[in-house]
Every structure is written in structure tokens, then in C-alpha cells.
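Here's the structure, in C-alpha cells; my notes come after.
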Amino acid sequence: MTVSMTKFIVLIVWVGWNVISSDGGAFVISTTKGASSLLRLSAENMNKKQPFTLSSLFQSGSSSSSSAVVKHPSVRPHRSALNLLEPSSDEKEQQQKKKDWQLPIHPEVTAGVLDNGLSYVILPNKSPPGRFEAHLQVFSGSADELEAQQGIAHLTEHVAYMGSRKRERLFGTGSQTNAYTDFHHTVFYAACPTLLPNSSRDKMLPLALDALADVMEARVEPSRLEKERAAVLSEMTMVNTIEYRVECQILSALHRENRLSKRFPIGKEILIQNWKPADVKTWHRTHYRPDNVLLYIVGDVGDNPKDDVVPVIQQKFGHLSADKQAVDISSNVLSEASQMADALNAVTVKAQQSWHYPPVIHDWCTTTRNENNNIPPFSTTSNSNNNINYDIHLRNPMPLDEKVDFLPMKQLTTKGIQIRPHIFRHELLQAFSMHLFAKRPVQPIVDLPSFRHSLARRVALAALQIRLNVGGRSDDPPFSFVEFNQLDSAREGCAVCSLDLTASSDRWKDAVQIAVSEIRKLGLFGVTSGEMERYTSALLTDSAQLAAQGDRISHSDQLAYLMETVANGHTFMSPEQSYTVTEQALSTLTLDEVNEAARELCSHVLGLTASDDEEQQNGVVVVVACTPKTPLGDQDPNYCNEENLISCIRDACEKEISPVEDVHVPHTLIPAEELQDACQNYPATWEAGRFTDGTPNTPADKFTRPFTLRRLNNGMRVGIAQNGAESHRGFLRLVAPGGRNAEQRLGLKPGSMSIGARAMQEGGAFGPWSREQVELFCVDHLLMVEINCSEESIIIDFVFPTTNVGNTGFGENMELGITGTEATMQIVREIIVGFKWEEDALGRSKQSFRSAHDGLQKNLEGLTTERIMESLTNDDNRFLSIDTETVNSITLDDAKKAVMSQLLPPELEVSIVGDFDVVETMEMIRRYLGTIPADINSEYCFPDQQKDPKVFIGSVPPLPLSSGKRHIELELTDSDPRAVAYVAGRAPNMWGYLEDGTTVPQKIMEADKGASEYDKKRRSHPLFANAALSLLSEIVNRRLFSNVRERKQLTYDANFSLTGFERLMGGWFLVTVTASKEKAQAALDACKETLETLRRSQPISEDNLESAKRVVLNRHEGELRTARYWAEMMSGLQQESIPLKGPLSITDFHAIVESITTKDLQLCLECLGLDEKQLFTAIGKTVQPAGVFPEEEKLVKASPMAGMSRGGPLFN
């Protein structure tokens, strides 16, 4: 199976800093152009480990005492933050010259600038209706920090928003607020209902903007600073996983020439521990000024933003003044802030290209032909541009710099491109990974030629990625992950072309050679005509889907696209405009244009070999290898060092290659005559839908709202709903009850069900078609298929377009393919009746499980969770990871028998939701799925499977309270100190069943003998326990935040969760808290205390309940707009193994949630095993590796950061 035409979105996050020059043995912080203050931290004093004082780096504590308004040190004329939404006079002139070619700007966007310099962008959007989002973007992040301010952007974000009284006014209104800090900016946001709760007139926009405006005038109270300091220090520990450390290594190598390699958002612990309110205020007043922010508002805010929204913005933000802010800036910072502002405006991409970018320059990797084609004129060898002497690119060493031993650059040809290698070794790494980069200037997409070129590049990228994923997955593939992409990154101020791959340590050379060879093939020979047809059709279909959605695209998606588009200087178009331009461009796009774009994409690899380098390449290619540290060291035959890494790349570049040949891809997997024969031999009819929640049977011949539920005469259960919120898109879920529970129940080999399900995902050959043909069929029809095995079931999910796909040609010459819905039905049918089991697919499945288990042994959170689950379950393997020995024992026959024993039509359930005609789709289901014989796969059936399915619901094991393993202390070797703690105990499943078969309503009624008839009726509703547990989870999480983080300042995050089983009776709750090693026990005790006070001294209040109800209901309403959520809710409605789940759980959701009382929840809380004697706890800590690392192998303790992985979340 494959994911088709995935949008290969790679967003690399980076960070930057400020520089200080060196003069002999002393470090100098320049304070004025004619004078300087010396910072002398001699090696002798450093070695003596003198007590650290912040004043030695940054003379904090003093601020200007003058009340007079002074000129702000950082205010300079700069590029408009609105870019194309407010072009300069020169840009307007250029646009006029290219008027016929200019791309149209979204007609509903309103943008402008207040008199004080504050910019704003407003986009009306009604998905969902009755809500909006407001984001305040401050164009300063960690890349703007001075040497003694490392981490202060992130800390200020915490203090400014968490300390806002006006933000607190949004609590209980159904609003969500948060903030994040990145290298180039800090963003605060509020997602709110349009109207105040219980009001038909009072608008929320003024309250939301009050909260954001309050950020601009933040008070830095000592108590709030201490709370957020503790939170940030805890966050520093929490995010410092090996994955983040790998990303830090990659960042340091990729951006070695600029600030991004030395300015991570999390900062330096020793500085964070010592800042005073004046330090935070100085940063805030320097950067939180009106000319340095941009306000985005997207949502249901009226159809006339100029009259409805702009006056509110003026009212809330118009009084701000940068010069008034300057009075609170420490006098010690004024001069250096001014110097940095001068340098920033003279020698960075921020000033030259986009104010959204960080203040950096880059080592570009370009062809000679493109050197003068809109590439910013930056020299990476000097800071003397425009007489600027300030070390803005941090070239000189500073006291707090981490020690990084970079390898020297290499050149494979006599001239041209150089390779900058970097090797990172660590004992926690489980596999080899390589990352090969080239940095290029962002080329704004503003006219038809640039848009055409971007489409040509996307076609080439799609072709290469599918080659790597489909063709590259041979019988014995060397890599477990591979991706090639180029994306514009506002976070870095450049476009990054990247090859990322992961492989086993003994196959890394094969992986590198295959991946590099495939890149060369694309660059030298281009794409085939079949690929050209396939991916241009996919691009057009994707664009048509977005156009059909129009303003039904969610606020968050619209806003993310708007922010990234504006940041990079691209034209922001409406989906309809984009489709029109896409169709126009693709209809005339030629194969030569695509192949030219392909060669440009691959030019950095072609430039490594003289024979490939027809156009002279210049610049730097960065390659980073991350590899496990082994006891054998350089005696390991698979050891990777600079020499053999570059040698491997050189060999791949010199390897003889040949063009790719087109693969024949069927337009349909099932011929019409084959389906017709099935209809004649196995006539399909509809039967009534039957339920166990008290809902009457639904008729077999009528369609009902909001969904239609029936059964086919072969026993298959079917649920269908029409949902137009996601235009032209659909979602199907096929559920086979059983999962790992069935392994135990049926006497199958442990792990065979999970490994078999993954083998099915890795395979995909059906009937006469090979795996490659089927995967390309999925690509052609934009199908995404995902197969998973849980403790309770095998779940197969499909995401698909509901329109005709696999089309050829354009306009009047277009020949339509089948719909994505029909293509999905064909795949579902073939999975059940014609799937071919292959040894190579099983091999890939087993390798993934071996890697997962081995990786678990080096993951603090994962391993500690595994240990506590072992204690909770008394080593029940249904709930544990599959160890390597078990994985190795599974044969193809074991995997096949396990999975196929579950694919019996009488036990299957199909839930399908989408933007389609229900009658037409139901007929398609009848023909494709109803004609599957009821006894298909019966040869794999076990005798006991024919019994009443309710007999085999199963349950979690009872708690082994006398096992002696109720508290676990775990140690994991790691160079960096980290800790995590857990509190766990018994809980009901998500429908209220406990492991002994009793239910939450029964327990509550036993405890509340005096309940009224109304209360008895409410509590007997099938959805009651489900709703109560959802609300309880929200309340417990809020209490943990208030007590463990806010009051006790022990953690950045504590989380309460339930296992959420549906078929298995019983389950567990788990409280997870990250903390420093010193505070881990205190954090664990605080979590236990929170649970106990919720039961006794501080029970659930009405305010707690009302706030939780708003969160649960708003989340429900928002997710109802997605087909996936509908399918998830509908799955199980006709399954006897989930007795309480039926149509009432959907139709009565709102009413039942609203009916829950505080007494209900207090009694529900007692159904959890919260007594001290029932609790299970664990603390996992890291310990230093034995011995001392040799000097040359000292690990770089890089400052960790969240969100560096492409497309990941940012730092909160």
C-alpha cells in the first residue's frame, strides 16, 4: 500500500543570535562605535569554576530612570512586513510592467498599516462559522538575541501571555490561547467564538484583541517571572530527547556560517536561571514595538472588515508607541541594540528580502547561470558590508558557545561545489541517518512564469519521491525512510533542498548510493511521459479539491497558508484563483520545462561530479551523518567517518546509471466483466441495521439522517454519511474486531496479528497486478491507505477524492478516469478476496518492529511506560511491545493466518463519509463489497469464532496489587540529565465498563441511593459514561496544570489520559509528568496530591464543569467538519462487541454532555483506582555513561528545541 501524492511539505526550523568579537584573550561586547566595555572571562577563572554572576555578561537590573521619551534604539526604516499586500513603489512599478502576467491577490483580503506602524491582515472565513482566530506575530525571535540574552525571547513569550490579566478574561468562553517562539518570530494567538457565550450581540473580537494588545504592554511581575522561569527550565528538560539533539546537530552544520547555528530558542540554562525582571522588560521593550508586529485575523468576523474589524484594531493597538517603550530599555543595551539594528538592515536576508526572515546570510548553492538571477548580493566571507563592523553573523567565539568540532570542507572536483561534512555519534541513536542539504534563495511566486516553474518543480519532486518510495522498496530495501524535497522556509530565510534517509547501520552505504543515484537519474534524464501525465493530473485534482472547498477550508489551515505565503513574498490567492491559474499553467506545461526544473533541483548533486556538471555549480553542499556509537568504535566494519562518507557519495556520483522506464499502471483493478460475474454469482441485497444501544432497527430500503446504517446479506455492516465540509473528499474505515486480543483468544502466535497487518501495509499485490502497479494506481487516484493493528482490532483507513481521478488531458480533451470512491472500493474488495502475501513485505514488517523495539530500549519515556505497563498488566503481552525474539519467530504463514482469520465478512464493518451522492455510493458498496461471499477466508477461521461475538469481548487483566512492583525506578544511560514520572491505576473503558464487567452507571447508582428518577434516566443513557469520562479528563488536566506547574512550579507539562478501549472491558489512567531529575519525585507526589485533593478537599466546581463542557463541545463541533471524525464515531455502531455504542451516542451527544453534573463527575472519579494502595508509579531517570569521553569525542550538549523537524510544532 502507499500514500498517494503526499504533499511533501518540509519546513525546517532554525534559530539565530547576536555576536561579540574577540580581542586576544578577552571577549569584547561592543557598546558604542567609539568605545567598548570589556568582558574578561579568562581561561584561568573559567577553569576555577568561579560562581557565575549574570552581571559578568549582562549588566542587568538597571533601567533608564528618565521618564522622558527617547528615540528607540532598534527602530529603522525596513521592508514592509506585508510584502506583496503592500508593495513598495519599486515593486508596484515592476508589477505594472508585468501586469498581464501578475498573479491575482485574494479578493477578500484586507491589509493595512496603522499610523504607529502596526500592520494587519484580515481574511473573512466561515469554517467553522461562529469562530475566528487572531494571531499577533512579533518579528523577533531567538535569532535576535544578544550574547547574554540567549533564551530570553522564549521566556518573554511565557511571561507576556501567561501573565496577562486580559487573557484570563477569555477563560470559560470556549476560547483557546497559546503562544510559540521560533528563530525569526514570536507568535501569540487566540481562537475564539464570534459571540460571547449566552449572548446574541456581544462580540468576542474586542476581548481577544485586548489580550493580544496586552502582550505589547506586558508587566513583568517577579512572581510571574519565577513561575515561567521554572516552566521554561522544565521544558528544557522535557524536549531534550535524542531526536531533538539530532536536529540540533543538523542545524549547527547546515547554518554554520550564520546566527542560526548558535541561537536556539530554548537558550542557555545558566542565563535563564539568573535574569531579573529588568532583563525581560529590556528585551520586551526593544522588540515588542508596533512597527515590528503583524496582526492576522481570520474567521467569521463579518463581510466588511474595513468597517467591522479595522476600527477595533485601531482602538486596541493605535495608542502604542515604540519611543514610549524605549524608556524602559536598560541603558547597557541601547548601544548594542542600535548597532545590531544597523547591521541587520545592511547585511541580512531579513532586510533585503522579507522582514519575516531571521537576520542572517547564507552560503548559497547555485549554478553559474542563476548566480545573478534575483539572488541577494551577500558575501559570506565578510561582515564589512556598508561599513558594518558588528559581528552579526557570530563568526567569533564567545564564552557560552558549545564546543563543536566541525570537519573541514571537501571538494570532489577541481572547482565548484564543496562538501561540508559533519558526523554525530551517540549511544542513544538506534539507526544511521544521513541528511544532505543545499541552500538556495527563495524565489517569490508572483507571476505566471514563476508559478509555472513552481508547478514544474512539484511534478519533478513528486516523481522522485514516488520512485524512492515505490521503486526503491525492493525485495531488500536498504533504507527504512527516504525523502527528497525543496521548500521555502521563512524560519531560515532560504529555500532548503534536502535528502533525508534512515537505514540500518550495516546498510548505510547501500542506502546512500541508491538515494544519490536516483537523484542523479532525475537530474540527468528527467521524468518520463507517464510520470508527467500522472503528476500533472494529480496537481490539477488537488487544486480542484481546494477550489471546491472555498471558504470551507478551516481557519487554522487558511491562516497557516496565509502566514507562510506572505512571509516568503508569494502572492496569496484564493483557492478558486489558484485553480484557474493552475489549470492554465498545466495545460501548456511541457516535459522540457519539468526536466529543466528537475535538473535545477538536482544540480547540487550533479555538481559533485565533473561529468554531470554541465553548468558550473558554486557553493556548499552540507552532509550530516548521525550514527550509533558502538563499543568497537572505528574498528566496526560499518563505522562511518568523514572519509568513507564522502567516498560513498563520490562513488554514487560516478556510478553508471540509466533512465527510468515507465511502468504500466491499470486504470481499474477490477474489469467490468469480473464484477458483473460476481453480481450474478453472489447477488447482494440490503438488510436492516441492528443495534445494541436500544435504537430500533433501521429499514433496509430507506436513507436516514444524519447517517444510514444497514447490513449486507453477507453479514458486513455498513454505515454511510454525506459530509460536504471537505469538498471532493472522502474517508473510509474498515474495522475487523480482534487485534492483539485475538492472538491470545485464538491461540495465535504473540505478535502475529500486528506483524501481519504491517506486512499487508508493506505489500499490495492483487490479482494480476504487482505491488508497484497497485501502489502507482493509488498514486494516480490520490488514495492514501493506512493499516494498523491495535489491542482490539485491525483498522484499515482510506482517504480519497470523491471525483473522477486518473484523468488524462486538459479541458475539452480530458478523458475521465474512475472516481476515487470507486478506486477505494476496488482496493477494499481486493484486500479481502485477492491479497497476495509476499516474503519481502513480511521482511520489511519485521524489520520495522525490530527497529521499534530496539529504539524503545533507548527512549526514556517509552521504556518507562513499558515498565509500568508490565506491572499494571502482569506482563500481558497484548499490551506490551513485541520483542525481537518474538518478531523473528513469525513466519509468513503465521502472519497470513492471523490477519485473514479476521477478514470474515460477517465480522467486518465499513464506515464511509464524504462529499458524494449517498445513493450512488451505496450502490457501489453493494456491487463491490456485497458480492464478496460470506464464507470467504473461512479456511482461516477458528471454530470458536462462530460463537456469539459478545462472549469474546475480553477484558484487561486485574491489577496485581500484591506483585511488589507498584513502584519502579528506571535508569537509562544518556549524556544529558532528564527525568519522567508516571502515576497509573485502573479505569473504565471509554463506554464505562470496568474489567470485572460492572459499569460506571452501576457504581454511581450504588453510591447515590437517593437519586431522582430523572438522574437515574440520565445515567442509564448509553453515552453517559463516555461523556462523563471526557469531561473528567479535561478537568483533571486543568487541575494538574494549576497545581503541578503553576503553584508548585515543578514541571512544564503534566498530562492525564485514559487508554480508551472500546471492546475490551476496563483500562487504565496514566498521569505523565516531565521534570528535572532533582524534582521528579516531588512532581510525582504533586500529581498524586492533585488527584487526591480533587476527591476530597477541592472537589469539582461548577466553573470547572462549565469550562470543560465548552472545551468538549467546541472540539466536537469542530471535528464534525471532518470525514475522519464522522467515520471514527460511526465505527462500532453495529458491533455487538461494543454494547453501548449505537446511533444514540452521536444523535444525543450534545444533550448528554450538557446534562452532566458535578455530582456525576465526583462519583465517576471514584470509579478510578485512586486509592494509594491501588496506584502504580514509576520514575525514569538518565545516568551518565560510564567512563569519560575522550576529548575528541566529547558530545555537544546542544541547546534543544522543539519544532526543528520539518513541519513539526513550534516552541510553546
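How things are named: the first chain in the C-alpha cells is A, the next is B, and so on; residues count from 1 in each chain; ligands count from 1 in the order shown.
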I'd like the contact shell of Tyr288 of chain A - 9 Å cut-off, only C-alpha atoms, skipping same-chain residues fewer than 2 positions apart - returned as a list of chain:residue names. A:Val138, A:Phe139, A:Ser140, A:Val215, A:Met216, A:Glu217, A:Trp283, A:His284, A:Arg285, A:Thr286, A:Pro290, A:Asp291, A:Asn292, A:Val293, A:Ala322, A:Gln325
Expected file contents, prior selection, N, CA, C and O atoms, as an mmCIF file, in the first residue's frame:
```cif
data_model
loop_
_atom_site.group_PDB
_atom_site.id
_atom_site.type_symbol
_atom_site.label_atom_id
_atom_site.label_comp_id
_atom_site.auth_asym_id
_atom_site.auth_seq_id
_atom_site.Cartn_x
_atom_site.Cartn_y
_atom_site.Cartn_z
ATOM 1 N N VAL A 138 5.255 38.803 16.328
ATOM 2 C CA VAL A 138 6.328 39.733 16.648
ATOM 3 C C VAL A 138 7.554 39.296 15.856
ATOM 4 O O VAL A 138 8.002 38.150 15.980
ATOM 5 N N PHE A 139 8.124 40.185 15.051
ATOM 6 C CA PHE A 139 9.214 39.808 14.149
ATOM 7 C C PHE A 139 10.577 39.809 14.852
ATOM 8 O O PHE A 139 11.547 40.374 14.362
ATOM 9 N N SER A 140 10.605 39.181 15.988
ATOM 10 C CA SER A 140 11.856 38.977 16.715
ATOM 11 C C SER A 140 11.758 37.639 17.421
ATOM 12 O O SER A 140 10.766 37.348 18.089
ATOM 13 N N VAL A 215 -0.189 41.933 25.505
ATOM 14 C CA VAL A 215 1.151 41.387 25.308
ATOM 15 C C VAL A 215 2.142 42.494 24.979
ATOM 16 O O VAL A 215 3.307 42.460 25.386
ATOM 17 N N MET A 216 1.680 43.498 24.231
ATOM 18 C CA MET A 216 2.563 44.582 23.810
ATOM 19 C C MET A 216 2.922 45.516 24.969
ATOM 20 O O MET A 216 3.871 46.294 24.867
ATOM 21 N N GLU A 217 2.159 45.461 26.046
ATOM 22 C CA GLU A 217 2.420 46.320 27.206
ATOM 23 C C GLU A 217 2.594 45.474 28.463
ATOM 24 O O GLU A 217 2.155 45.855 29.546
ATOM 25 N N TRP A 283 14.268 43.258 26.911
ATOM 26 C CA TRP A 283 14.001 42.546 25.656
ATOM 27 C C TRP A 283 12.629 42.920 25.107
ATOM 28 O O TRP A 283 12.469 43.188 23.908
ATOM 29 N N HIS A 284 11.649 42.923 25.978
ATOM 30 C CA HIS A 284 10.279 43.207 25.553
ATOM 31 C C HIS A 284 10.174 44.594 24.942
ATOM 32 O O HIS A 284 9.613 44.770 23.845
ATOM 33 N N ARG A 285 10.727 45.592 25.603
ATOM 34 C CA ARG A 285 10.590 46.969 25.109
ATOM 35 C C ARG A 285 11.409 47.195 23.836
ATOM 36 O O ARG A 285 11.099 48.066 23.034
ATOM 37 N N THR A 286 12.463 46.393 23.659
ATOM 38 C CA THR A 286 13.271 46.527 22.444
ATOM 39 C C THR A 286 12.537 45.989 21.226
ATOM 40 O O THR A 286 12.593 46.586 20.146
ATOM 41 N N PRO A 290 5.233 48.552 17.861
ATOM 42 C CA PRO A 290 4.187 48.431 16.834
ATOM 43 C C PRO A 290 4.710 48.262 15.411
ATOM 44 O O PRO A 290 4.062 47.605 14.598
ATOM 45 N N ASP A 291 5.869 48.843 15.097
ATOM 46 C CA ASP A 291 6.387 48.697 13.735
ATOM 47 C C ASP A 291 7.035 47.346 13.515
ATOM 48 O O ASP A 291 7.484 47.039 12.404
ATOM 49 N N ASN A 292 7.076 46.491 14.545
ATOM 50 C CA ASN A 292 7.743 45.197 14.459
ATOM 51 C C ASN A 292 6.773 44.044 14.662
ATOM 52 O O ASN A 292 7.172 42.943 15.024
ATOM 53 N N VAL A 293 5.478 44.299 14.449
ATOM 54 C CA VAL A 293 4.487 43.239 14.617
ATOM 55 C C VAL A 293 3.514 43.242 13.437
ATOM 56 O O VAL A 293 3.369 44.236 12.725
ATOM 57 N N ALA A 322 6.615 53.065 19.827
ATOM 58 C CA ALA A 322 7.933 52.475 20.049
ATOM 59 C C ALA A 322 8.785 53.342 20.967
ATOM 60 O O ALA A 322 9.468 52.845 21.863
ATOM 61 N N GLN A 325 8.085 52.962 24.514
ATOM 62 C CA GLN A 325 8.611 51.710 25.046
ATOM 63 C C GLN A 325 10.092 51.852 25.430
ATOM 64 O O GLN A 325 10.577 51.205 26.349
#
```
I'd like the neighbourhood of Met532 of chain A as number ranges by chain, where a residue qualifies if any of its atoms comes within 12 Å (using only C-alpha atoms), though same-chain residues fewer than 2 positions away should be ignored. A: 455-464, 526-530, 534-539, 586-587, 589-595, 598, 662, 780, 808-809
Which neighbours of segment 304-319 of chain A fall inside 12 Å, counting only C-alpha atoms, when residues of the same chain fewer than 3 positions from it are skipped, and could you give them as an NGL selection string? :A and (108-125 or 132 or 134 or 136 or 203-217 or 289-291 or 293-301 or 322-325)
Find the residues of segment 734-811 of chain A that sit at most 10 Å from segment 1134-1158 of chain A; for each, write down the nearest two atoms and how far apart they are in Å, to one decimal. Count only C-alpha atoms. Sort by chain, then by number going up, and give it as JSON lines.
```
{"residue": "A:Val735", "atom": "CA", "partner": "A:Gln1135", "partner_atom": "CA", "distance": 10.0}
{"residue": "A:Pro737", "atom": "CA", "partner": "A:Ser1137", "partner_atom": "CA", "distance": 8.2}
{"residue": "A:Gly738", "atom": "CA", "partner": "A:Ser1137", "partner_atom": "CA", "distance": 10.0}
```
Preceding selection exported with N, CA and C atoms as an mmCIF file, in the first residue's frame:
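Resulting contents of again_15.cif:
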```
data_model
loop_
_atom_site.group_PDB
_atom_site.id
_atom_site.type_symbol
_atom_site.label_atom_id
_atom_site.label_comp_id
_atom_site.auth_asym_id
_atom_site.auth_seq_id
_atom_site.Cartn_x
_atom_site.Cartn_y
_atom_site.Cartn_z
ATOM 1 N N VAL A 735 -13.101 -1.983 9.696
ATOM 2 C CA VAL A 735 -12.701 -2.492 11.010
ATOM 3 C C VAL A 735 -12.957 -3.987 11.077
ATOM 4 N N PRO A 737 -12.788 -6.577 14.065
ATOM 5 C CA PRO A 737 -12.563 -6.739 15.507
ATOM 6 C C PRO A 737 -11.644 -7.925 15.793
ATOM 7 N N GLY A 738 -10.814 -7.770 16.782
ATOM 8 C CA GLY A 738 -9.896 -8.845 17.163
ATOM 9 C C GLY A 738 -8.589 -8.298 17.665
#
```
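Distance check against Phe481 of chain A using only C-alpha atoms: of A:Asn469, A:Gln722, A:Asn1037, A:Asn618, the minimum falls on A:Asn469.
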